[in-house]
Structures are given as structure tokens and as C-alpha cells.
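The file run_0.txt contains compact mmCIF, C-alpha atoms:
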```txt
# COMPACT_ATOMS: atom_id res chain seq x y z
CA MET A 202 -17.62 11.18 30.48
CA LYS A 203 -17.16 7.69 29.05
CA GLN A 204 -15.80 9.09 25.79
CA GLY A 205 -13.42 11.30 27.73
CA LYS A 206 -12.11 8.37 29.74
CA ILE A 207 -11.49 6.32 26.66
CA ARG A 208 -9.72 9.20 24.94
CA ILE A 209 -7.47 9.66 27.94
CA ILE A 210 -6.62 5.96 28.06
CA ALA A 211 -5.83 5.81 24.35
CA TRP A 212 -3.53 8.82 24.44
CA LEU A 213 -1.92 7.65 27.65
CA TYR A 214 -0.86 4.48 25.92
CA CYS A 215 0.40 6.51 22.98
CA THR A 216 2.43 8.76 25.26
CA LEU A 217 3.81 5.89 27.29
CA PHE A 218 4.79 4.01 24.16
CA PHE A 219 6.59 7.08 22.82
CA THR A 220 8.36 7.36 26.16
CA LEU A 221 9.56 3.84 26.18
CA PHE A 222 11.41 4.25 22.92
CA SER A 223 12.93 7.63 23.63
CA GLY A 224 14.55 6.97 26.97
CA GLY A 225 17.35 4.90 28.35
CA ALA A 226 17.17 1.19 28.74
CA TYR A 227 16.19 -0.55 31.93
CA ALA A 228 14.98 -3.87 30.59
CA HIS A 229 16.10 -7.36 29.65
CA ALA A 230 19.37 -7.12 27.74
CA PHE A 231 19.40 -8.77 24.33
CA PRO A 232 22.03 -8.51 21.58
CA VAL A 233 21.59 -6.03 18.77
CA ARG A 234 24.72 -7.00 16.84
CA SER A 235 27.94 -8.93 17.22
CA SER A 236 31.39 -9.39 15.78
CA PRO A 237 31.76 -11.94 14.31
CA GLU A 238 28.16 -12.08 13.17
CA VAL A 239 25.86 -14.84 14.37
CA GLY A 240 26.20 -17.95 12.24
CA SER A 241 28.95 -16.44 10.09
CA THR A 242 31.81 -18.27 8.38
CA LEU A 243 35.16 -16.47 8.55
CA ALA A 244 38.20 -16.81 6.34
CA THR A 245 40.55 -15.81 9.17
CA ALA A 246 40.28 -16.48 12.88
CA PRO A 247 39.12 -13.52 14.97
CA LYS A 248 41.13 -12.34 17.96
CA SER A 249 38.05 -11.47 20.01
CA VAL A 250 34.29 -11.72 20.13
CA THR A 251 32.17 -8.65 20.86
CA ILE A 252 28.45 -8.40 21.49
CA TRP A 253 26.53 -5.13 21.70
CA TYR A 254 23.33 -5.16 23.75
CA ASP A 255 20.23 -3.01 23.88
CA ALA A 256 20.52 -2.31 27.60
CA ASP A 257 23.23 -1.34 30.08
CA LEU A 258 24.93 -4.36 31.60
CA ASN A 259 25.93 -5.20 35.13
CA ALA A 260 29.65 -5.76 34.63
CA LEU A 261 29.96 -7.95 37.70
CA PHE A 262 27.48 -10.58 36.59
CA THR A 263 27.74 -10.46 32.81
CA LYS A 264 30.09 -12.84 31.05
CA MET A 265 30.92 -14.57 27.79
CA THR A 266 32.62 -17.89 27.05
CA VAL A 267 33.67 -19.25 23.66
CA LYS A 268 34.16 -22.98 23.16
CA ASN A 269 35.48 -25.05 20.29
CA GLY A 270 33.99 -28.20 18.82
CA ALA A 271 35.57 -30.29 21.58
CA ASP A 272 33.78 -28.17 24.19
CA GLN A 273 37.05 -26.59 25.31
CA VAL A 274 37.12 -22.98 26.40
CA VAL A 275 39.12 -20.82 23.97
CA SER A 276 38.23 -17.39 25.40
CA GLU A 277 39.54 -15.29 28.25
CA ASN A 278 39.12 -11.86 29.85
CA SER A 279 35.42 -11.52 29.24
CA ARG A 280 34.44 -8.00 30.31
CA VAL A 281 31.95 -5.20 29.86
CA SER A 282 33.57 -2.15 28.35
CA ALA A 283 34.34 0.64 30.83
CA HIS A 284 33.36 3.18 28.16
CA ASP A 285 30.26 1.45 26.83
CA GLN A 286 28.11 -0.45 29.30
CA ARG A 287 26.32 -2.20 26.45
CA LYS A 288 29.44 -3.79 24.97
CA LEU A 289 30.72 -7.18 26.08
CA THR A 290 34.02 -8.50 24.74
CA ALA A 291 36.03 -11.66 25.22
CA LEU A 292 39.54 -12.22 23.89
CA LEU A 293 40.26 -15.44 22.03
CA GLN A 294 43.25 -17.69 22.28
CA PRO A 295 44.79 -18.48 18.88
CA ILE A 296 42.18 -20.67 17.19
CA GLY A 297 42.17 -22.66 13.97
CA PRO A 298 39.55 -23.86 11.51
CA GLY A 299 36.44 -25.29 13.04
CA ARG A 300 33.06 -24.52 14.54
CA TYR A 301 32.84 -22.45 17.69
CA MET A 302 30.03 -21.58 20.04
CA VAL A 303 29.66 -18.29 21.90
CA TYR A 304 27.84 -18.53 25.25
CA TRP A 305 26.76 -15.32 26.89
CA SER A 306 25.01 -14.59 30.16
CA ALA A 307 23.89 -11.02 30.73
CA VAL A 308 22.44 -9.23 33.70
CA ALA A 309 20.98 -5.86 32.83
CA SER A 310 21.52 -2.95 35.18
CA ASP A 311 17.98 -3.44 36.52
CA GLY A 312 18.75 -7.04 37.48
CA HIS A 313 16.96 -8.91 34.68
CA HIS A 314 18.92 -11.92 33.45
CA THR A 315 19.12 -13.19 29.89
CA GLU A 316 21.34 -15.71 28.20
CA GLY A 317 22.01 -17.24 24.84
CA HIS A 318 24.44 -18.95 22.53
CA TRP A 319 25.26 -18.83 18.85
CA PRO A 320 27.78 -20.37 16.45
CA PHE A 321 30.45 -19.12 14.11
CA THR A 322 32.84 -21.05 11.89
CA VAL A 323 36.46 -20.49 10.85
CA LYS A 324 37.34 -21.95 7.45
CA MET B 1371 -18.97 8.35 17.84
CA LEU B 1372 -17.27 8.11 14.43
CA HIS B 1373 -14.85 10.81 15.59
CA GLN B 1374 -14.13 8.76 18.69
CA ARG B 1375 -13.31 5.65 16.72
CA ARG B 1376 -11.04 7.62 14.44
CA LEU B 1377 -9.32 9.00 17.51
CA LEU B 1378 -8.68 5.53 18.88
CA LEU B 1379 -7.44 4.26 15.55
CA ARG B 1380 -5.13 7.28 15.32
CA GLY B 1381 -3.89 6.39 18.77
CA ALA B 1382 -3.08 2.86 17.66
CA MET B 1383 -1.35 4.12 14.51
CA CYS B 1384 0.61 6.60 16.62
CA VAL B 1385 1.90 3.69 18.61
CA ILE B 1386 2.94 1.78 15.52
CA ILE B 1387 4.74 4.71 13.89
CA LEU B 1388 6.59 5.81 17.01
CA SER B 1389 7.77 2.30 17.72
CA TRP B 1390 9.95 2.08 14.58
CA PRO B 1391 13.24 3.56 15.84
CA GLY B 1392 12.99 1.59 19.06
CA ILE B 1393 15.29 -0.84 20.71
CA LEU B 1394 14.72 -4.35 21.81
CA TRP B 1395 12.78 -6.67 23.97
CA ALA B 1396 11.27 -8.65 26.72
CA HIS B 1397 8.22 -10.54 27.90
CA ALA B 1398 7.59 -14.23 28.78
CA VAL B 1399 11.07 -15.65 28.51
CA ALA B 1400 12.13 -19.32 28.53
CA GLY B 1401 15.84 -19.70 27.88
CA MET B 1402 16.64 -17.81 24.70
CA ARG B 1403 12.97 -17.65 23.65
CA VAL B 1404 10.80 -14.60 24.07
CA PHE B 1405 7.13 -15.42 23.64
CA PRO B 1406 5.28 -12.24 22.64
CA ALA B 1407 1.79 -11.74 24.01
CA THR B 1408 -0.67 -13.19 21.52
CA MET B 1409 -3.63 -10.96 20.71
CA GLY B 1410 -6.38 -13.51 20.17
CA PHE B 1411 -5.85 -15.48 23.36
CA ASP B 1412 -3.94 -15.55 26.62
CA ASP B 1413 -0.16 -16.06 26.45
CA PRO B 1414 1.65 -18.45 28.84
CA GLY B 1415 3.64 -15.90 30.81
CA VAL B 1416 3.06 -14.49 34.30
CA ALA B 1417 4.31 -10.94 33.96
CA ASP B 1418 3.74 -7.27 34.69
CA GLU B 1419 1.97 -5.94 31.66
CA ALA B 1420 -0.79 -3.65 30.47
CA PRO B 1421 -2.43 -4.71 27.20
CA LEU B 1422 -4.63 -2.48 25.06
CA LEU B 1423 -6.44 -4.07 22.15
CA PHE B 1424 -8.73 -2.63 19.50
CA ASN B 1425 -10.92 -4.99 17.52
CA HIS B 1426 -13.32 -4.42 14.65
CA ILE B 1427 -15.47 -7.27 13.36
CA LYS B 1428 -18.79 -7.71 11.63
CA ALA B 1429 -20.79 -10.84 12.37
CA GLY B 1430 -24.46 -11.74 12.33
CA GLY B 1431 -25.35 -8.34 10.91
CA VAL B 1432 -23.74 -6.56 13.86
CA ASP B 1433 -20.79 -4.22 13.50
CA GLN B 1434 -18.74 -4.55 16.65
CA ASP B 1435 -15.88 -2.32 17.76
CA MET B 1436 -14.22 -3.21 21.00
CA LEU B 1437 -11.47 -1.60 23.02
CA SER B 1438 -10.03 -4.00 25.61
CA PHE B 1439 -7.55 -3.10 28.29
CA GLY B 1440 -6.15 -4.60 31.42
CA VAL B 1441 -3.31 -4.72 33.87
CA ALA B 1442 -1.39 -7.66 35.31
CA LYS B 1443 0.95 -7.65 38.31
CA THR B 1444 3.32 -10.27 39.68
CA LEU B 1445 3.04 -10.89 43.41
CA THR B 1446 5.83 -13.47 43.41
CA LYS B 1447 8.08 -14.67 40.59
CA SER B 1448 5.52 -17.37 39.76
CA PHE B 1449 2.18 -15.87 40.78
CA GLY B 1450 0.30 -12.88 39.52
CA ILE B 1451 -3.10 -11.22 39.44
CA SER B 1452 -4.92 -9.31 36.73
CA LEU B 1453 -7.81 -6.97 36.06
CA ALA B 1454 -9.39 -6.46 32.65
CA THR B 1455 -12.44 -5.12 30.88
CA ASP B 1456 -13.55 -3.79 27.52
CA TYR B 1457 -15.79 -1.12 26.03
CA GLN B 1458 -17.95 -2.09 23.07
CA TRP B 1459 -19.77 -0.23 20.32
CA LEU B 1460 -22.44 -2.35 18.67
CA ASN B 1461 -24.15 -1.20 15.48
CA GLN B 1462 -26.97 -3.01 13.77
CA LYS B 1463 -29.03 -1.84 10.81
CA ASP B 1464 -32.40 -0.37 11.78
CA ALA B 1465 -31.52 -0.54 15.47
CA PRO B 1466 -30.13 2.09 17.87
CA GLN B 1467 -26.42 1.88 18.59
CA GLN B 1468 -25.55 0.07 21.78
CA ASN B 1469 -22.45 1.08 23.76
CA GLY B 1470 -21.20 -0.04 27.09
CA TRP B 1471 -18.71 -1.69 29.33
CA ASP B 1472 -18.37 -5.43 29.52
CA ASN B 1473 -18.15 -7.10 32.91
CA LEU B 1474 -14.96 -6.62 34.89
CA THR B 1475 -12.72 -9.71 34.87
CA VAL B 1476 -10.37 -10.51 37.72
CA GLY B 1477 -7.79 -13.24 37.38
CA ALA B 1478 -4.97 -15.15 39.02
CA GLN B 1479 -2.08 -16.76 37.16
CA TYR B 1480 0.55 -19.30 38.23
CA GLN B 1481 3.70 -20.12 36.25
CA LEU B 1482 3.54 -23.91 36.33
CA PHE B 1483 6.85 -24.59 34.60
CA ARG B 1484 9.61 -22.90 32.69
CA ASN B 1485 12.33 -24.93 30.97
CA GLY B 1486 15.07 -22.81 29.43
CA PRO B 1487 17.06 -25.39 27.43
CA HIS B 1488 13.87 -26.67 25.77
CA GLU B 1489 12.18 -23.25 25.59
CA ALA B 1490 9.03 -24.58 27.19
CA ILE B 1491 6.66 -22.68 29.43
CA GLY B 1492 3.28 -23.37 31.02
CA MET B 1493 0.76 -21.40 33.04
CA LEU B 1494 -2.39 -22.13 35.02
CA ALA B 1495 -4.94 -19.36 35.43
CA PHE B 1496 -8.41 -18.71 36.75
CA TYR B 1497 -10.65 -15.83 35.70
CA ASP B 1498 -13.94 -14.50 36.99
CA ALA B 1499 -15.99 -12.14 34.84
CA ILE B 1500 -18.08 -10.59 37.61
CA ALA B 1501 -21.81 -10.25 37.04
CA ASN B 1502 -23.44 -6.83 36.78
CA THR B 1503 -20.17 -4.89 36.59
CA GLY B 1504 -20.80 -3.79 33.01
CA SER B 1505 -23.11 -1.18 31.56
CA GLY B 1506 -25.24 -0.20 28.59
CA GLY B 1507 -26.62 -3.68 28.13
CA VAL B 1508 -23.20 -5.04 27.13
CA GLY B 1509 -22.24 -6.72 30.39
CA SER B 1510 -24.19 -9.73 31.59
CA ASP B 1511 -26.15 -10.33 34.76
CA TYR B 1512 -24.31 -13.57 35.42
CA SER B 1513 -20.69 -14.33 36.25
CA THR B 1514 -18.44 -16.53 34.15
CA TYR B 1515 -15.72 -18.64 35.73
CA THR B 1516 -12.85 -19.75 33.52
CA PRO B 1517 -10.05 -22.14 34.50
CA GLU B 1518 -7.27 -22.11 31.92
CA PHE B 1519 -4.02 -23.76 30.90
CA ALA B 1520 -1.67 -21.95 28.52
CA TRP B 1521 1.63 -23.21 27.16
CA GLY B 1522 4.47 -22.34 24.82
CA LYS B 1523 7.26 -24.28 23.12
CA GLY B 1524 10.12 -22.85 21.13
CA PHE B 1525 11.97 -24.94 18.58
CA GLY B 1526 15.44 -23.85 19.60
CA ASP B 1527 16.36 -27.39 20.62
CA LEU B 1528 16.00 -28.76 17.07
CA PRO B 1529 19.16 -30.42 15.73
CA ARG B 1530 21.67 -28.37 13.78
CA SER B 1531 20.44 -29.87 10.50
CA MET B 1532 17.11 -28.11 11.12
CA ALA B 1533 18.56 -24.84 12.36
CA ASP B 1534 16.43 -22.80 9.95
CA LEU B 1535 13.35 -23.94 11.87
CA ARG B 1536 14.69 -22.96 15.28
CA PRO B 1537 13.08 -19.48 15.22
CA LEU B 1538 9.67 -21.16 15.15
CA ALA B 1539 7.50 -21.46 18.25
CA LEU B 1540 4.09 -22.80 19.12
CA THR B 1541 1.81 -21.51 21.86
CA GLY B 1542 -1.61 -22.70 22.88
CA MET B 1543 -4.40 -22.38 25.39
CA VAL B 1544 -7.40 -24.34 26.58
CA ALA B 1545 -10.04 -22.91 28.90
CA ASP B 1546 -13.56 -23.76 29.99
CA SER B 1547 -15.92 -20.82 30.46
CA ILE B 1548 -18.58 -21.77 33.03
CA PRO B 1549 -21.48 -19.31 33.42
CA SER B 1550 -23.24 -18.96 36.76
CA ASP B 1551 -26.53 -18.86 34.87
CA PRO B 1552 -27.61 -22.50 34.35
CA THR B 1553 -29.41 -21.66 31.11
CA VAL B 1554 -26.28 -20.30 29.41
CA PRO B 1555 -24.05 -22.89 27.69
CA ASN B 1556 -20.55 -23.74 28.83
CA THR B 1557 -17.94 -22.86 26.24
CA LEU B 1558 -14.61 -24.51 25.56
CA ASN B 1559 -12.09 -21.93 24.42
CA TRP B 1560 -9.08 -23.36 22.67
CA ALA B 1561 -6.39 -21.75 20.62
CA PHE B 1562 -2.91 -22.05 19.30
CA SER B 1563 -0.41 -19.91 17.43
CA LEU B 1564 2.53 -20.52 15.14
CA GLN B 1565 5.16 -17.82 15.19
CA TYR B 1566 8.54 -17.19 13.56
CA SER B 1567 10.88 -14.89 15.47
CA ILE B 1568 13.18 -12.75 13.34
CA PRO B 1569 15.04 -11.54 16.47
CA TYR B 1570 15.66 -15.18 17.40
CA LEU B 1571 16.88 -15.94 13.89
CA GLN B 1572 19.40 -13.09 13.90
CA ASP B 1573 20.55 -13.41 17.53
CA PHE B 1574 20.88 -17.17 17.83
CA VAL B 1575 20.81 -18.85 14.41
CA LYS B 1576 22.24 -16.63 11.68
CA TYR B 1577 22.52 -12.88 11.24
CA MET B 1578 20.75 -12.07 7.96
CA GLY B 1579 21.32 -8.32 7.84
CA ILE B 1580 17.66 -7.55 8.49
CA LYS B 1581 17.42 -3.99 9.78
CA ALA B 1582 14.95 -2.08 11.91
CA PRO B 1583 11.99 -2.23 12.19
CA PHE B 1584 11.85 -5.70 10.63
CA ASN B 1585 14.57 -7.10 12.88
CA ASN B 1586 12.16 -6.96 15.83
CA MET B 1587 9.20 -8.54 14.08
CA VAL B 1588 7.52 -11.86 14.78
CA PRO B 1589 5.20 -12.98 11.96
CA ILE B 1590 2.41 -15.01 13.51
CA VAL B 1591 -0.79 -16.88 12.77
CA GLU B 1592 -3.24 -17.30 15.63
CA PHE B 1593 -6.17 -19.70 15.70
CA PRO B 1594 -8.59 -18.68 18.49
CA MET B 1595 -11.57 -21.07 18.65
CA GLN B 1596 -14.67 -21.66 20.73
CA THR B 1597 -16.81 -24.76 21.01
CA CYS B 1598 -20.21 -24.52 22.62
CA LEU B 1599 -20.54 -27.56 24.87
CA ASP B 1600 -24.10 -28.01 26.09
CA ARG B 1601 -27.60 -26.73 26.66
CA GLY B 1602 -28.75 -27.23 23.14
CA CYS B 1603 -26.05 -25.34 21.26
CA GLY B 1604 -25.10 -28.39 19.22
CA SER B 1605 -21.34 -28.37 19.93
CA GLN B 1606 -20.90 -25.65 17.37
CA THR B 1607 -17.34 -24.48 16.85
CA THR B 1608 -16.64 -20.93 15.80
CA GLY B 1609 -13.39 -19.07 15.50
CA TYR B 1610 -10.91 -17.22 13.41
CA ILE B 1611 -7.62 -17.55 11.61
CA ASN B 1612 -5.57 -14.47 12.47
CA PRO B 1613 -2.50 -13.87 10.31
CA GLY B 1614 -0.43 -10.91 11.34
CA VAL B 1615 2.77 -9.57 12.78
CA ILE B 1616 3.92 -8.46 16.22
CA TRP B 1617 6.75 -5.99 16.72
CA VAL B 1618 8.52 -6.66 20.03
CA GLY B 1619 10.42 -3.89 21.77
CA ALA B 1620 12.25 -3.40 25.04
CA TYR B 1621 9.22 -2.19 26.95
CA GLY B 1622 6.30 -3.47 24.97
CA GLN B 1623 4.92 -4.69 21.72
CA VAL B 1624 2.62 -3.62 18.91
CA GLY B 1625 0.71 -6.01 16.73
CA ILE B 1626 -1.84 -6.16 13.96
CA GLU B 1627 -3.78 -9.16 12.72
CA ALA B 1628 -6.59 -9.88 10.32
CA GLN B 1629 -9.46 -11.95 11.66
CA ILE B 1630 -10.70 -14.46 9.07
CA PRO B 1631 -13.82 -16.41 10.11
CA ILE B 1632 -13.43 -20.19 9.86
CA ASN B 1633 -17.08 -20.81 8.99
CA ARG B 1634 -20.40 -19.11 8.34
CA ALA B 1635 -21.47 -19.57 11.92
CA THR B 1636 -18.60 -17.27 12.88
CA GLY B 1637 -19.30 -14.69 10.21
CA ARG B 1638 -18.62 -13.68 6.66
CA HIS B 1639 -16.48 -10.61 7.11
CA VAL B 1640 -12.80 -10.21 7.82
CA GLY B 1641 -12.06 -8.17 10.91
CA VAL B 1642 -8.95 -6.51 12.31
CA LEU B 1643 -7.12 -6.63 15.63
CA VAL B 1644 -4.65 -3.93 16.65
CA GLY B 1645 -2.91 -4.31 19.98
CA VAL B 1646 -0.39 -2.69 22.27
CA ASP B 1647 1.04 -4.44 25.29
CA LEU B 1648 3.22 -2.50 27.71
CA TYR B 1649 5.74 -4.57 29.67
CA TRP B 1650 5.57 -2.28 32.60
CA GLY B 1651 7.77 -4.59 34.65
CA ASP B 1652 10.58 -3.55 32.29
CA LEU B 1653 9.42 0.02 31.92
CA PHE B 1654 9.31 0.58 35.70
CA PRO B 1655 11.61 -2.09 37.21
CA ARG B 1656 11.12 -1.18 40.86
CA PRO B 1657 7.33 -1.20 41.06
CA GLY B 1658 7.40 -3.90 38.40
CA ARG B 1659 9.23 -6.34 40.63
CA PRO B 1660 7.25 -9.06 42.43
CA TRP B 1661 5.92 -7.80 45.72
CA PHE B 1662 6.99 -10.87 47.71
```

Could you quickly redo this structure as C-alpha cells?
Amino acid sequence: MKQGKIRIIAWLYCTLFFTLFSGGAYAHAFPVRSSPEVGSTLATAPKSVTIWYDADLNALFTKMTVKNGADQVVSENSRVSAHDQRKLTALLQPIGPGRYMVYWSAVASDGHHTEGHWPFTVK
Amino acid sequence: MLHQRRLLLRGAMCVIILSWPGILWAHAVAGMRVFPATMGFDDPGVADEAPLLFNHIKAGGVDQDMLSFGVAKTLTKSFGISLATDYQWLNQKDAPQQNGWDNLTVGAQYQLFRNGPHEAIGMLAFYDAIANTGSGGVGSDYSTYTPEFAWGKGFGDLPRSMADLRPLALTGMVADSIPSDPTVPNTLNWAFSLQYSIPYLQDFVKYMGIKAPFNNMVPIVEFPMQTCLDRGCGSQTTGYINPGVIWVGAYGQVGIEAQIPINRATGRHVGVLVGVDLYWGDLFPRPGRPWF
């Protein structure tokens, strides 16, 4: 009986772990990639910043702001894509050479909140 | 019995293999820092989780295999309770094998502080390993009461000139195990870990092009220690150095560590720890929410 219980517990964990990587996401939302890339140096100024997350986002409470080295906001129209709930984009005003910081605040569809910031540079 | 161990090890390997195509994250979070659950000692987060840990070590001529599991539930955002136990297989030359359940341990945890900008987190906890709740001669006939403080600090607030070090984090724990049997020594449990988060590096410092499964990995070294305090045990310190790696996913984590004894009193053989921790608060958000 003890061996049977242990076997059941071990395989339950195995099954649950398989489940959690095969289904949809209802967890804290963290970035999986971005454009521009985190910490990158660009030859030309981008027109927007996009971050893709690993969980569906609550469009109402998720936002992104981009600031320049003088702590001035240079972004606008931050929004979650209507066609991809894991994609957050903000348009940029015309920007020149310098260091910029992307600030993001995400609320996943299950209500968990995450936030972060990362730099990129325009040569 | 050998078949059973192989089955459990296959279960752990199944977890590791199936986790590779997975997506990302979440556990004890302070600002941008995710502190994965350490395998050798308690982590500083109050969360909804279900850890499963397999350990093999040989010390003092005894081969010990142990399967530990538990469950933790948040009652409020800052307060949680837990239940844990383990099953042990003890083999010694020229002696019959001894198997059985350890005592059941109940616990309460309180999130003392959480500072996002400085990626700092602290937790107070109290555990009671209840006497006579084990079996097979493994559990004890006395209770053990353990007050504990656990903490974590990420290095994300380092200046830009040290940005390469920002993915580093330290965690630690100190606890005093107090047996109800006056003849059994008190034990000071103390531990710390040094970890480097590849997800943190790529999400907040610099994208390096590291792909799955390595992009979710946190290389770690844990140092779980014990110092016997009184009743004639001579203040002996035993413990391990546990180098390893933890893979952190959206709903849980998988980790593996070697256990290297720090001295002869601890043992002469290197052991292994394999662990799974399900973040069931993320896996099942509704029941995983705090009850109050």
C-alpha cells in the first residue's frame, strides 16, 4: 500500500508537470522577447517598442512607457494587440541618439501583476 | 524496492524532459526578481506551492533515499500554512532495510517584507514536526519546534557600471530546531545560496540570444548547514555544498543539485537532490488565491 501511494504521487507530479507546459497560460506574465532587444544598441531609431509575453495580458491594466536620458516620456499609444493578447506595443515619438529605458507593467489575465524595465541605446 | 526507486527516478526524469518546451515563470517575486524555491532549505516566499524532492546520500555507512513532499497555501497575501512529510529508505550493510514515514510537519509563514525596487524579501515561519506521526522507526517520538527567518536579496539595484552582476541574487535562512525531548540537542540550521538568473539577464540587462531550455535556467550553489548547539554534541557543524541548476517555468520548477559534504563528520560521499516544485497558485489561479 505504501509503495502504491508513492507511485501514485510520483506519477501525479509527472502528469501535472506535463499538463502545465501543454496548456494555455494563466500565470505571472513575463517577457519572452522584445523589439528592440533588451540592452541592444541600434544604428537607427526605432518607431515602436514591442514586448511579447508568456501569458495573456489584461489590456486594461497593462502598459508600457519609454523615457529618454532626461526622464522624459517619448512613447505614446501603449496597447495590447487586439489579435495577440501576449503582445504589448508602444509607439515612439521621433527620437535621436541616446540611452532609453522601457518601463512595462503587466497584469496577466488571471490578475497577477509583474513589472520591469530595461535599456536600449540609439547610436 | 529497487524497482520502486527506479520508478521514482524515472518520474523525476520525466519531469525534466517534459519541461523543455515550456514557457515561463513565477514564484516568490520582489520587483523584477523571481526567487526560485531552493532545494536544500526554505525559500523566503509565502506562496501556493507543492514541492516534491528526491534525495540520495550516503553517510556514516548508511545509504539514504528520501522522497519529500508537501503543500503550502496562502490564507492572506502575507500569511500561509503548510504541511510536509517524507518517506525514507535506509540501507546499511549487514542490517535489514528500514523504510518509513518521517513525522508530519505543519507550518505557518508570514511575509515580513517585500521591497520591489531593491529586490529584497523576508519571511518569518514556525514549524512543528509532530511526534509519533511517522512510521517504520523513521519518525521520532518527540516533536521538534522550529522558528525560522528566511530572506532574499537580488542585485538588480547595482549601478549601471556593474550591470553584468545584476542577475545575481543571494538568499539565506536561519532556524533553531528545538526538540521536545530534553536529551536531544538543539540544532541551529543556517543556509545561504548564490544564484545567477539567466531569465533576469535576458529580460532586464541584455538579451544574449540564449534559447530554450537554457533561457529559463538559474545556476545556483546552495550551502545548507547545521550546527549542533548543546547537550554534549560539541558544537559540531555539518553540511553540504550543493552546486546545481534550477529550471523555472510558468507553473513550476525543476532542479538538480549535487550534495558535496563539507567535512568528514557530514560524510564522504557526494549525493544528489532532484526536485520539482509546482506553483499551484499559478496553475489553478482561483483556488490558488488567498482565502481572505

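Residues within 6 Å of stretch 1454-1466 of chain B, counting only C-alpha atoms and excluding same-chain residues fewer than 6 positions away, are Val1432, Asp1433, Gln1434, Asp1435, Met1436, Leu1437, Ser1438, Phe1439, Gly1440, Asp1472, Leu1474 and Thr1475 of chain B.
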
If we count all atoms listed in the file and set the cut-off at 12 Å, which residues sit around B:Gly1579, ignoring sequence neighbours fewer than 3 positions away in its own chain? Please answer as a list in words.
Val233, Arg234, Ser235, Glu238, Val239, Gly240 and Ser241 of chain A; Ile1568, Pro1569, Leu1571, Gln1572, Asp1573, Lys1576, Ala1582, Pro1583, Phe1584 and Asn1585 of chain B

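Between atom CA of B:Ala1495 and atom CA of B:Ala1442 lies a distance of 12.2 Å.
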
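For B:Ala1520, the residues within 7 Å (counting only C-alpha atoms, excluding itself and residues fewer than 2 positions away along the chain) are B:Asp1413, B:Pro1414, B:Gly1492, B:Met1493, B:Leu1494, B:Glu1518, B:Gly1542, B:Met1543, B:Val1544.
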
Stretch 244-250 of chain A surroundings by all atoms listed in the file, 9 Å radius, close-in-sequence under 2 positions cut, as a PyMOL selection string:
chain A and resi 235-237+242+252+265+267+276+289-298+303+322-324

What are the centre and edge lengths in Å, to one decimal, of the axis-aligned box around all listed atoms of stretch 270-286 of chain A with 6 Å added on each side, as AutoDock Vina command-line options?
```
--center_x 33.8 --center_y -13.6 --center_z 24.8 --size_x 23.4 --size_y 45.5 --size_z 24.0
```

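Counting only C-alpha atoms, B:Glu1419 has the following residues at most 7 Å away, ignoring those fewer than 6 positions along the same chain: B:Val1441, B:Ala1442, B:Lys1443, B:Asp1647, B:Leu1648, B:Tyr1649, B:Trp1650, B:Gly1651.
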
Can you tell me how far atom CA of B:Leu1445 sits from atom CA of A:Ala256, in Å to one decimal?
25.1 Å
